[in-house]
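Structure data follow from entry.csv (CSV, C-alpha atoms and all ligand atoms):
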```
chain,number,residue,atom,x,y,z
N,14,MET,CA,-31.1,21.4,-8.7
N,15,LYS,CA,-27.8,23.2,-9.2
N,16,LYS,CA,-24.3,21.9,-9.5
N,17,LEU,CA,-21.0,23.7,-9.7
N,18,LEU,CA,-19.5,22.6,-13.0
N,19,LEU,CA,-15.8,23.0,-14.0
N,20,THR,CA,-16.6,23.8,-17.7
N,21,ASP,CA,-12.9,24.4,-18.5
N,22,TRP,CA,-9.7,24.8,-16.5
N,23,LYS,CA,-10.1,27.7,-14.1
N,24,LYS,CA,-13.8,28.2,-15.1
N,25,VAL,CA,-16.7,27.2,-12.9
N,26,GLN,CA,-20.4,27.8,-13.5
N,27,LEU,CA,-23.4,27.0,-11.4
N,28,VAL,CA,-25.6,25.1,-13.8
N,29,GLU,CA,-29.1,23.7,-13.6
N,30,ALA,CA,-29.4,19.9,-13.8
N,31,PRO,CA,-32.1,17.2,-13.1
N,32,ILE,CA,-31.9,15.6,-9.6
N,33,PRO,CA,-30.2,12.2,-10.3
N,34,GLU,CA,-32.2,9.0,-9.9
N,35,PRO,CA,-30.5,6.2,-8.1
N,36,GLY,CA,-30.2,3.0,-10.2
N,37,PRO,CA,-29.5,-0.5,-8.7
N,38,GLY,CA,-26.8,-0.2,-6.0
N,39,GLN,CA,-27.0,3.6,-6.0
N,40,ALA,CA,-28.1,6.3,-3.6
N,41,VAL,CA,-28.5,10.1,-3.8
N,42,VAL,CA,-27.3,12.5,-1.1
N,43,ARG,CA,-28.6,16.0,-0.7
N,44,ILE,CA,-25.4,17.9,0.0
N,45,LYS,CA,-25.3,20.3,2.9
N,46,TYR,CA,-21.7,21.6,3.3
N,47,ALA,CA,-18.7,20.9,1.0
N,48,GLY,CA,-15.1,21.8,1.9
N,49,ILE,CA,-12.5,23.1,-0.5
N,50,CYS,CA,-9.3,21.1,-0.4
N,51,GLY,CA,-5.9,22.0,-1.9
N,52,SER,CA,-6.3,19.1,-4.4
N,53,ASP,CA,-9.6,20.8,-5.7
N,54,LEU,CA,-7.6,23.9,-6.6
N,55,HIS,CA,-5.0,21.6,-8.3
N,56,VAL,CA,-7.8,20.1,-10.4
N,57,PHE,CA,-9.3,23.6,-11.0
N,58,ASP,CA,-6.0,24.8,-12.4
N,59,GLY,CA,-5.8,21.9,-14.8
N,60,LYS,CA,-2.7,20.5,-13.1
N,61,HIS,CA,-4.1,17.1,-12.2
N,62,PRO,CA,-2.8,14.5,-14.7
N,63,SER,CA,-6.0,12.4,-14.9
N,64,ALA,CA,-8.8,14.9,-14.4
N,65,THR,CA,-10.9,15.9,-17.5
N,66,VAL,CA,-13.6,18.6,-18.0
N,67,PRO,CA,-16.5,19.0,-17.7
N,68,LEU,CA,-16.3,17.9,-14.1
N,69,VAL,CA,-18.0,18.5,-10.7
N,70,MET,CA,-15.1,18.8,-8.3
N,71,GLY,CA,-15.0,18.2,-4.5
N,72,HIS,CA,-14.6,15.2,-2.2
N,73,GLU,CA,-15.2,16.7,1.3
N,74,ALA,CA,-18.9,16.9,2.3
N,75,CYS,CA,-21.8,15.7,4.3
N,76,GLY,CA,-25.5,15.7,3.5
N,77,GLN,CA,-28.8,13.9,4.0
N,78,LEU,CA,-29.6,10.7,2.4
N,79,TYR,CA,-32.3,11.7,-0.1
N,80,ALA,CA,-33.0,8.5,-2.0
N,81,ILE,CA,-31.7,4.9,-2.2
N,82,HIS,CA,-32.6,2.2,-4.7
N,83,ASP,CA,-32.1,-0.8,-2.5
N,84,PRO,CA,-32.8,0.0,1.1
N,85,ARG,CA,-30.0,-0.5,3.6
N,86,GLY,CA,-31.0,-1.6,7.1
N,87,ASP,CA,-28.5,0.7,8.8
N,88,ILE,CA,-29.2,4.0,7.0
N,89,GLN,CA,-32.5,5.6,6.4
N,90,VAL,CA,-33.6,8.5,4.1
N,91,GLY,CA,-33.0,11.7,6.1
N,92,ASP,CA,-30.0,10.5,7.9
N,93,LEU,CA,-26.8,12.7,7.9
N,94,VAL,CA,-24.2,10.8,5.8
N,95,CYS,CA,-21.0,11.1,4.0
N,96,ALA,CA,-19.7,9.0,1.1
N,97,HIS,CA,-16.3,7.4,0.8
N,98,THR,CA,-14.3,9.2,-1.9
N,99,ILE,CA,-12.7,6.4,-4.0
N,100,LYS,CA,-14.3,3.9,-6.3
N,101,PRO,CA,-12.2,0.7,-6.1
N,102,CYS,CA,-12.6,-2.2,-8.6
N,103,ARG,CA,-13.1,-4.8,-5.8
N,104,SER,CA,-11.5,-7.5,-7.8
N,105,CYS,CA,-7.7,-6.8,-7.9
N,106,GLU,CA,-5.3,-8.1,-5.3
N,107,ALA,CA,-5.0,-4.7,-3.4
N,108,CYS,CA,-8.8,-4.6,-3.1
N,109,ASN,CA,-8.9,-8.1,-1.8
N,110,THR,CA,-6.2,-7.6,0.8
N,111,GLY,CA,-7.9,-4.6,2.5
N,112,ARG,CA,-5.9,-2.0,0.6
N,113,GLU,CA,-8.5,-0.6,-1.7
N,114,ASN,CA,-6.6,2.7,-1.7
N,115,LEU,CA,-3.9,1.0,-3.8
N,116,CYS,CA,-6.5,-0.5,-6.2
N,117,ALA,CA,-5.0,-0.9,-9.7
N,118,ASP,CA,-8.0,0.8,-11.2
N,119,VAL,CA,-9.0,3.3,-8.5
N,120,LYS,CA,-11.2,6.3,-9.4
N,121,ILE,CA,-11.1,9.4,-7.2
N,122,MET,CA,-14.2,11.5,-6.5
N,123,GLY,CA,-14.1,15.0,-7.8
N,124,THR,CA,-11.2,14.1,-10.0
N,125,ASN,CA,-12.0,11.0,-12.1
N,126,PHE,CA,-15.8,11.2,-11.5
N,127,ASP,CA,-18.2,13.9,-10.4
N,128,GLY,CA,-17.8,15.1,-6.9
N,129,VAL,CA,-19.6,16.9,-4.1
N,130,PHE,CA,-19.9,20.5,-5.3
N,131,THR,CA,-23.5,19.9,-6.1
N,132,GLN,CA,-26.9,19.9,-4.4
N,133,TYR,CA,-27.6,16.2,-5.1
N,134,LEU,CA,-24.8,13.7,-5.3
N,135,LEU,CA,-25.2,10.2,-7.0
N,136,VAL,CA,-23.1,7.6,-5.1
N,137,GLU,CA,-22.7,3.9,-4.7
N,138,ALA,CA,-24.9,3.0,-1.8
N,139,ASN,CA,-22.3,0.8,-0.2
N,140,ARG,CA,-19.9,3.7,0.1
N,141,LEU,CA,-22.2,5.6,2.4
N,142,ILE,CA,-21.4,6.2,6.1
N,143,LYS,CA,-23.9,7.5,8.6
N,144,PHE,CA,-23.4,10.0,11.4
N,145,ALA,CA,-25.1,9.9,14.8
N,146,PRO,CA,-28.2,12.0,15.2
N,147,GLY,CA,-27.5,15.6,16.2
N,148,VAL,CA,-23.9,15.8,14.8
N,149,ASP,CA,-23.0,19.3,13.7
N,150,GLU,CA,-23.1,19.4,9.9
N,151,LYS,CA,-20.1,21.7,9.6
N,152,LEU,CA,-18.0,19.2,11.6
N,153,ALA,CA,-19.4,16.3,9.6
N,154,ALA,CA,-18.2,18.1,6.4
N,155,LEU,CA,-14.6,17.7,7.8
N,156,VAL,CA,-14.8,13.9,7.8
N,157,GLU,CA,-12.6,13.5,4.8
N,158,PRO,CA,-9.6,15.5,6.1
N,159,LEU,CA,-10.0,13.6,9.4
N,160,THR,CA,-10.0,10.4,7.4
N,161,VAL,CA,-6.7,11.4,5.9
N,162,ALA,CA,-5.3,11.7,9.4
N,163,VAL,CA,-6.8,8.4,10.5
N,164,HIS,CA,-5.1,6.6,7.6
N,165,ASP,CA,-1.8,8.4,8.0
N,166,VAL,CA,-1.5,7.9,11.7
N,167,ARG,CA,-2.5,4.3,11.4
N,168,ARG,CA,0.1,3.8,8.7
N,169,SER,CA,2.8,5.5,10.8
N,170,GLY,CA,2.3,2.8,13.4
N,171,LEU,CA,2.2,5.4,16.2
N,172,ARG,CA,2.1,4.0,19.7
N,173,PRO,CA,1.1,5.7,22.9
N,174,GLY,CA,3.9,7.7,24.5
N,175,GLU,CA,5.8,8.3,21.3
N,176,ASN,CA,6.9,11.7,20.0
N,177,VAL,CA,5.7,13.1,16.7
N,178,LEU,CA,7.1,15.7,14.4
N,179,ILE,CA,4.9,17.2,11.6
N,180,GLY,CA,6.5,19.1,8.7
N,181,GLY,CA,3.9,21.8,7.8
N,182,ALA,CA,1.1,23.3,9.9
N,183,GLY,CA,-1.6,23.6,7.1
N,184,PRO,CA,-5.0,22.0,7.5
N,185,ILE,CA,-3.7,18.4,7.0
N,186,GLY,CA,-0.7,18.9,9.3
N,187,LEU,CA,-3.1,20.2,12.0
N,188,VAL,CA,-5.6,17.4,11.6
N,189,ILE,CA,-2.8,14.9,11.8
N,190,ALA,CA,-1.5,16.7,14.9
N,191,MET,CA,-5.0,16.3,16.5
N,192,MET,CA,-5.2,12.7,15.6
N,193,ALA,CA,-1.6,11.9,16.8
N,194,LYS,CA,-2.4,13.5,20.1
N,195,PHE,CA,-5.7,11.7,20.3
N,196,SER,CA,-3.8,8.4,19.5
N,197,GLY,CA,-1.5,8.9,22.5
N,198,ALA,CA,1.5,10.8,21.3
N,199,ALA,CA,3.4,12.3,24.2
N,200,HIS,CA,4.7,15.4,22.4
N,201,VAL,CA,3.6,16.7,19.0
N,202,VAL,CA,5.8,19.4,17.4
N,203,LEU,CA,4.8,21.1,14.1
N,204,THR,CA,7.2,22.9,11.8
N,205,GLU,CA,6.0,26.0,10.0
N,206,ILE,CA,7.6,29.1,8.5
N,207,ASP,CA,4.4,31.2,7.8
N,208,PRO,CA,3.7,33.5,10.7
N,209,THR,CA,-0.1,33.3,10.2
N,210,ARG,CA,-0.1,29.5,10.2
N,211,ILE,CA,2.2,29.5,13.3
N,212,GLY,CA,-0.3,31.6,15.1
N,213,LEU,CA,-3.3,29.4,14.1
N,214,ALA,CA,-1.4,26.2,15.2
N,215,ARG,CA,-0.6,27.8,18.6
N,216,ASP,CA,-4.2,28.8,19.0
N,217,LEU,CA,-5.1,25.2,18.7
N,218,GLY,CA,-2.7,24.4,21.5
N,219,PHE,CA,0.2,22.9,19.5
N,220,THR,CA,3.9,23.4,19.8
N,221,VAL,CA,5.1,25.0,16.6
N,222,ALA,CA,8.6,25.8,15.6
N,223,ASP,CA,10.1,27.6,12.6
N,224,PRO,CA,12.7,25.1,11.3
N,225,THR,CA,14.9,28.1,10.1
N,226,GLY,CA,14.7,29.7,13.5
N,227,GLU,CA,17.5,29.6,16.2
N,228,ASP,CA,15.4,27.7,18.8
N,229,PHE,CA,14.2,24.9,16.5
N,230,ASP,CA,16.8,22.3,17.6
N,231,ARG,CA,16.3,23.2,21.2
N,232,ILE,CA,12.5,22.8,20.9
N,233,CYS,CA,12.9,19.4,19.2
N,234,ALA,CA,15.5,18.2,21.8
N,235,GLN,CA,13.2,19.3,24.6
N,236,ALA,CA,10.3,17.3,23.3
N,237,THR,CA,12.4,14.2,22.7
N,238,ASP,CA,15.2,14.2,25.4
N,239,GLY,CA,17.5,14.9,22.5
N,240,GLU,CA,16.8,11.5,20.8
N,241,GLY,CA,14.6,12.5,17.9
N,242,PHE,CA,11.0,11.7,17.0
N,243,GLU,CA,9.6,8.1,16.7
N,244,ARG,CA,7.0,9.2,14.0
N,245,VAL,CA,7.5,12.0,11.5
N,246,PHE,CA,5.0,13.2,8.9
N,247,GLU,CA,6.2,15.4,6.1
N,248,ILE,CA,3.3,17.4,4.5
N,249,THR,CA,4.9,20.2,2.5
N,250,SER,CA,6.7,18.1,-0.1
N,251,VAL,CA,9.5,20.7,-0.1
N,252,GLN,CA,13.1,19.5,-0.1
N,253,SER,CA,14.2,21.6,2.9
N,254,SER,CA,11.3,20.3,5.0
N,255,PHE,CA,12.0,16.7,3.9
N,256,THR,CA,15.6,17.1,4.9
N,257,THR,CA,14.7,18.6,8.3
N,258,CYS,CA,12.2,15.8,8.9
N,259,VAL,CA,14.6,13.0,8.1
N,260,SER,CA,17.3,14.6,10.3
N,261,LYS,CA,14.9,14.7,13.3
N,262,LEU,CA,14.1,10.9,13.2
N,263,LYS,CA,14.9,8.9,16.2
N,264,LYS,CA,16.9,5.6,15.7
N,265,GLY,CA,14.4,3.1,14.4
N,266,GLY,CA,11.9,5.9,13.6
N,267,VAL,CA,9.3,6.0,10.9
N,268,MET,CA,8.7,8.9,8.5
N,269,LEU,CA,5.6,9.2,6.4
N,270,GLN,CA,5.7,11.2,3.2
N,271,VAL,CA,2.2,12.7,3.1
N,272,GLY,CA,2.8,15.7,0.8
N,273,MET,CA,2.9,15.0,-2.9
N,274,PRO,CA,5.5,16.7,-4.9
N,275,PRO,CA,4.9,17.6,-8.6
N,276,ALA,CA,5.3,14.7,-11.0
N,277,GLY,CA,9.0,13.9,-11.8
N,278,LYS,CA,10.4,15.8,-8.8
N,279,GLN,CA,13.4,14.1,-7.2
N,280,PHE,CA,14.4,14.3,-3.5
N,281,GLN,CA,17.8,14.1,-2.0
N,282,LEU,CA,17.9,11.7,1.0
N,283,ASP,CA,20.5,11.1,3.7
N,284,ILE,CA,20.6,7.4,3.0
N,285,ASN,CA,23.1,6.7,5.8
N,286,LYS,CA,20.5,8.0,8.3
N,287,ILE,CA,18.1,5.4,7.0
N,288,ILE,CA,20.7,2.6,7.0
N,289,TYR,CA,22.6,3.2,10.2
N,290,SER,CA,19.6,4.3,12.3
N,291,GLU,CA,17.3,1.6,10.8
N,292,CYS,CA,14.8,4.3,10.0
N,293,GLU,CA,11.9,3.8,7.6
N,294,LEU,CA,10.4,6.0,4.9
N,295,ARG,CA,6.8,5.2,4.1
N,296,GLY,CA,4.4,6.5,1.4
N,297,VAL,CA,0.7,7.1,1.8
N,298,ARG,CA,-2.0,7.2,-0.8
N,299,HIS,CA,-5.7,8.1,-0.3
N,300,HIS,CA,-7.5,6.1,2.5
N,301,THR,CA,-9.9,3.3,2.8
N,302,MET,CA,-13.6,3.1,3.6
N,303,ASN,CA,-12.7,1.8,7.0
N,304,ASP,CA,-10.6,4.8,7.7
N,305,MET,CA,-13.6,7.0,7.0
N,306,GLN,CA,-15.9,4.8,9.2
N,307,CYS,CA,-13.4,5.4,12.0
N,308,ALA,CA,-13.3,9.2,11.3
N,309,ALA,CA,-17.1,9.4,11.4
N,310,LYS,CA,-17.1,7.5,14.8
N,311,ILE,CA,-14.6,10.0,16.1
N,312,ILE,CA,-16.8,12.9,15.0
N,313,ASN,CA,-19.8,11.1,16.5
N,314,SER,CA,-18.0,10.8,19.8
N,315,GLY,CA,-17.3,14.5,20.0
N,316,VAL,CA,-13.9,14.0,21.4
N,317,LEU,CA,-12.1,16.2,18.8
N,318,ASN,CA,-15.0,18.4,17.9
N,319,GLU,CA,-13.8,21.5,19.8
N,320,GLN,CA,-10.4,21.5,17.9
N,321,LEU,CA,-12.0,20.4,14.6
N,322,SER,CA,-14.5,23.3,14.7
N,323,LYS,CA,-11.6,25.7,14.6
N,324,LEU,CA,-10.7,24.4,11.1
N,325,VAL,CA,-13.9,25.9,9.7
N,326,SER,CA,-12.8,29.5,8.8
N,327,ALA,CA,-15.5,30.6,6.4
N,328,VAL,CA,-18.8,29.4,4.9
N,329,TYR,CA,-20.0,30.7,1.5
N,330,PRO,CA,-23.4,30.1,-0.2
N,331,MET,CA,-23.0,28.2,-3.5
N,332,GLU,CA,-23.8,31.3,-5.5
N,333,GLN,CA,-20.4,32.6,-4.2
N,334,SER,CA,-18.4,29.5,-5.0
N,335,MET,CA,-15.9,31.4,-7.1
N,336,GLU,CA,-15.2,33.7,-4.2
N,337,ALA,CA,-14.9,30.7,-1.9
N,338,LEU,CA,-12.3,29.0,-4.2
N,339,GLU,CA,-10.3,32.2,-4.5
N,340,ARG,CA,-10.4,32.7,-0.7
N,341,ALA,CA,-9.3,29.1,-0.1
N,342,ARG,CA,-6.3,29.7,-2.5
N,343,SER,CA,-5.1,33.1,-1.4
N,344,ASP,CA,-5.9,33.5,2.3
N,345,LYS,CA,-3.3,31.8,4.5
N,346,SER,CA,-5.4,32.6,7.6
N,347,VAL,CA,-8.2,30.2,6.5
N,348,LEU,CA,-7.9,26.5,7.1
N,349,ARG,CA,-11.1,25.2,5.6
N,350,VAL,CA,-13.6,27.1,3.5
N,351,LEU,CA,-17.0,25.4,3.2
N,352,ILE,CA,-19.6,26.0,0.5
N,353,ASP,CA,-23.3,25.7,1.6
N,354,PHE,CA,-25.2,23.8,-1.1
N,355,SER,CA,-28.5,23.6,0.8
A,401,ZN,ZN,-9.1,16.7,0.6
A,402,ZN,ZN,-9.0,-3.0,-7.1
```
Entire entry expressed as structure tokens:
Amino acid sequence: MKKLLLTDWKKVQLVEAPIPEPGPGQAVVRIKYAGICGSDLHVFDGKHPSATVPLVMGHEACGQLYAIHDPRGDIQVGDLVCAHTIKPCRSCEACNTGRENLCADVKIMGTNFDGVFTQYLLVEANRLIKFAPGVDEKLAALVEPLTVAVHDVRRSGLRPGENVLIGGAGPIGLVIAMMAKFSGAAHVVLTEIDPTRIGLARDLGFTVADPTGEDFDRICAQATDGEGFERVFEITSVQSSFTTCVSKLKKGGVMLQVGMPPAGKQFQLDINKIIYSECELRGVRHHTMNDMQCAAKIINSGVLNEQLSKLVSAVYPMEQSMEALERARSDKSVLRVLIDFS
């Protein structure tokens, strides 16, 4: 089999390796499609504080269950599956209160241990999630970004009929927008300054406004009767977007900081807005196995599949992985680049 090895920062090589054999509690997945995420490029560039080389990157994928050491009644060899992307310790307080994403000793797939940019992936069998028969494999490969949206929308506390503002119309902003709409948001407005991304978000049927544009305040007021948004998601981790997002919160509103600024970066905050309007600012980190189980169910149901399919912009064979990584980095018109490892 072949795997895409990050041999040094900014250097990948398709190398030959033996197909892994599952030990007790383990399984092997034959990867079909793997998506390239912004965080993979971060690792690739050597900017991730806890990643080390050599490493197999990637955490967005689906594939067929190839082998399993201890059979699971609910998943058979040949089933289309994904694997949850964090390894929690299962013994700390966070793990035992349903918040494994906050585990004191959490390990991240494709960053702290080998990820999905490979033909055969060794995983813990109890982190596997099965898709329904007949699910489109390209959509199944989007389960992890959809899981981010499930976790973030849940954490925002969004209720039906509320209005949502999303700072940044990249892939994560768009998938949160889809999930917010699916979860009952009345109006969803995205902010974006890049004209290509504005066009892509409009193609998906969303209201998009340039926060530096003249009509931004009018568009926000129209969506919210001038009262501001109940739930706000900031994705870009840029100060100007952060400030805009805070300013558009409704009284009692909740803002989620989704984007991760570089380590040590400080933000200015209008603290009076938080105090006098009783607003809340919440963080988010990773997601849980249950978030991914729900994302898989949403994909199985097909309810978001038409919109999700528009996120897949290009598919490259594994031999062209370097081109795929470069495309994902430089082309603003692509939302998700998939690598075909079959
Ligand atoms: Zn990702
Ligand atoms: Zn733990």
_Distance query N:Val221 at most 7 Å, only C-alpha atoms, self and fewer than 5 positions along chain excluded, as a list in words_ = Val202, Leu203, Thr204, Glu205, Ile211, Ala214 and Arg215 of chain N
_I'd like to know which of N:Arg298, N:Val251, N:Pro274, N:Ala80 is closest to ligand ZN 401 (chain A), using all atoms listed in the file._
N:Arg298
*Quick one, how far is atom CA of N:Thr124 from atom CA of N:Pro67?*
10.6 Å
*Residue contacts of N:Ala190 (9 Å, all atoms listed in the file) excluding same-chain residues fewer than 4 positions away, as an MDAnalysis selection string*: chainID N and resid 162 177:179 182 185:186 194:195 201:203 219
*Fewer than 3 positions away in the same chain doesn't count, so skip those; otherwise give me all residues within 10 Å of stretch 131-139 of chain N, counting all atoms listed in the file, as a PyMOL selection string.*
chain N and resi 14-18+27-28+30-47+69-71+76-85+88+95-98+100+122+127-128+142+302+331+352-355
*Using all atoms listed in the file, pick whichever of N:Val347, N:Leu213, N:Leu152, N:Ala234 has the shortest atom-to-atom distance to N:Leu187.*
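Ranking N:Val347, N:Leu213, N:Leu152, N:Ala234 by distance to N:Leu187, first place goes to N:Leu213.
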*Residue neighbourhood N:Val188, 8 Å, all atoms listed in the file, exclusion window fewer than 6 positions, as a count of residues only*: 4
*Nearest to N:Leu262: which of N:Ala276, N:Leu338, N:Leu317, N:Cys292 is it, counting only C-alpha atoms?*
N:Cys292
*Identify the residues around (6.7, 8.5, 6.8) within a radius of 9 Å, measuring from only C-alpha atoms in the coordinates stated by the file, and give them as a list in words.*
Asp165, Arg168, Ser169, Arg244, Val245, Phe246, Glu247, Gly266, Val267, Met268, Leu269, Gln270, Val271, Glu293, Leu294, Arg295, Gly296 and Val297 of chain N
*Counting all atoms listed in the file, the residue of N:Glu29, N:Thr301, N:Met273, N:Lys60 that sits nearest ligand ZN 402 (chain A)*: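 Of N:Glu29, N:Thr301, N:Met273, N:Lys60, the one nearest ligand ZN 402 (chain A), counting all atoms listed in the file, is N:Thr301.
Straight-line separation from atom CA of N:Gly265 to atom CA of N:Asp223: 24.9 Å.
With only C-alpha atoms and all ligand atoms as the atoms that count, the set of residues no farther than 7 Å from ligand ZN 401 (chain A) is Cys50, Gly51, Ser52, His72, Glu73, Glu157 and Pro158 of chain N.
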How would stretch 291-317 of chain N look with N, CA and C atoms restored, written as an mmCIF file, in the frame of the given file?
```cif
data_model
loop_
_atom_site.group_PDB
_atom_site.id
_atom_site.type_symbol
_atom_site.label_atom_id
_atom_site.label_comp_id
_atom_site.auth_asym_id
_atom_site.auth_seq_id
_atom_site.Cartn_x
_atom_site.Cartn_y
_atom_site.Cartn_z
ATOM 1 N N GLU N 291 18.458 2.527 11.135
ATOM 2 C CA GLU N 291 17.300 1.600 10.800
ATOM 3 C C GLU N 291 16.010 2.406 10.822
ATOM 4 N N CYS N 292 16.007 3.553 10.128
ATOM 5 C CA CYS N 292 14.800 4.300 10.000
ATOM 6 C C CYS N 292 13.999 3.816 8.765
ATOM 7 N N GLU N 293 12.721 4.160 8.732
ATOM 8 C CA GLU N 293 11.900 3.800 7.600
ATOM 9 C C GLU N 293 11.223 4.987 6.989
ATOM 10 N N LEU N 294 11.133 4.990 5.673
ATOM 11 C CA LEU N 294 10.400 6.000 4.900
ATOM 12 C C LEU N 294 9.221 5.361 4.280
ATOM 13 N N ARG N 295 8.007 5.817 4.612
ATOM 14 C CA ARG N 295 6.800 5.200 4.100
ATOM 15 C C ARG N 295 5.980 6.165 3.259
ATOM 16 N N GLY N 296 5.341 5.672 2.221
ATOM 17 C CA GLY N 296 4.400 6.500 1.400
ATOM 18 C C GLY N 296 2.996 6.335 1.935
ATOM 19 N N VAL N 297 2.131 7.221 1.484
ATOM 20 C CA VAL N 297 0.700 7.100 1.800
ATOM 21 C C VAL N 297 -0.088 7.517 0.535
ATOM 22 N N ARG N 298 -1.195 6.849 0.317
ATOM 23 C CA ARG N 298 -2.000 7.200 -0.800
ATOM 24 C C ARG N 298 -3.500 7.037 -0.420
ATOM 25 N N HIS N 299 -4.250 8.130 -0.582
ATOM 26 C CA HIS N 299 -5.700 8.100 -0.300
ATOM 27 C C HIS N 299 -5.961 7.540 1.127
ATOM 28 N N HIS N 300 -7.067 6.802 1.203
ATOM 29 C CA HIS N 300 -7.500 6.100 2.500
ATOM 30 C C HIS N 300 -8.535 5.143 2.104
ATOM 31 N N THR N 301 -8.936 4.361 3.094
ATOM 32 C CA THR N 301 -9.900 3.300 2.800
ATOM 33 C C THR N 301 -11.277 3.693 3.431
ATOM 34 N N MET N 302 -12.288 2.953 2.992
ATOM 35 C CA MET N 302 -13.600 3.100 3.600
ATOM 36 C C MET N 302 -13.590 2.961 5.074
ATOM 37 N N ASN N 303 -12.816 2.006 5.555
ATOM 38 C CA ASN N 303 -12.700 1.800 7.000
ATOM 39 C C ASN N 303 -12.121 2.985 7.716
ATOM 40 N N ASP N 304 -11.121 3.628 7.094
ATOM 41 C CA ASP N 304 -10.600 4.800 7.700
ATOM 42 C C ASP N 304 -11.657 5.878 7.908
ATOM 43 N N MET N 305 -12.554 6.011 6.901
ATOM 44 C CA MET N 305 -13.600 7.000 7.000
ATOM 45 C C MET N 305 -14.685 6.589 8.022
ATOM 46 N N GLN N 306 -14.948 5.286 8.118
ATOM 47 C CA GLN N 306 -15.900 4.800 9.200
ATOM 48 C C GLN N 306 -15.358 5.216 10.536
ATOM 49 N N CYS N 307 -14.038 5.077 10.719
ATOM 50 C CA CYS N 307 -13.400 5.400 12.000
ATOM 51 C C CYS N 307 -13.488 6.952 12.236
ATOM 52 N N ALA N 308 -13.209 7.722 11.188
ATOM 53 C CA ALA N 308 -13.300 9.200 11.300
ATOM 54 C C ALA N 308 -14.671 9.623 11.692
ATOM 55 N N ALA N 309 -15.689 9.000 11.090
ATOM 56 C CA ALA N 309 -17.100 9.400 11.400
ATOM 57 C C ALA N 309 -17.376 9.023 12.881
ATOM 58 N N LYS N 310 -16.834 7.888 13.357
ATOM 59 C CA LYS N 310 -17.100 7.500 14.800
ATOM 60 C C LYS N 310 -16.417 8.535 15.710
ATOM 61 N N ILE N 311 -15.257 9.027 15.301
ATOM 62 C CA ILE N 311 -14.600 10.000 16.100
ATOM 63 C C ILE N 311 -15.392 11.314 16.190
ATOM 64 N N ILE N 312 -15.940 11.716 15.041
ATOM 65 C CA ILE N 312 -16.800 12.900 15.000
ATOM 66 C C ILE N 312 -18.061 12.650 15.848
ATOM 67 N N ASN N 313 -18.653 11.480 15.700
ATOM 68 C CA ASN N 313 -19.800 11.100 16.500
ATOM 69 C C ASN N 313 -19.572 11.223 17.998
ATOM 70 N N SER N 314 -18.365 10.813 18.390
ATOM 71 C CA SER N 314 -18.000 10.800 19.800
ATOM 72 C C SER N 314 -17.850 12.181 20.396
ATOM 73 N N GLY N 315 -17.497 13.132 19.518
ATOM 74 C CA GLY N 315 -17.300 14.500 20.000
ATOM 75 C C GLY N 315 -15.961 14.819 20.555
ATOM 76 N N VAL N 316 -15.094 13.819 20.640
ATOM 77 C CA VAL N 316 -13.900 14.000 21.400
ATOM 78 C C VAL N 316 -12.906 15.025 20.764
ATOM 79 N N LEU N 317 -12.956 15.189 19.447
ATOM 80 C CA LEU N 317 -12.100 16.200 18.800
ATOM 81 C C LEU N 317 -12.827 17.393 18.283
#
```
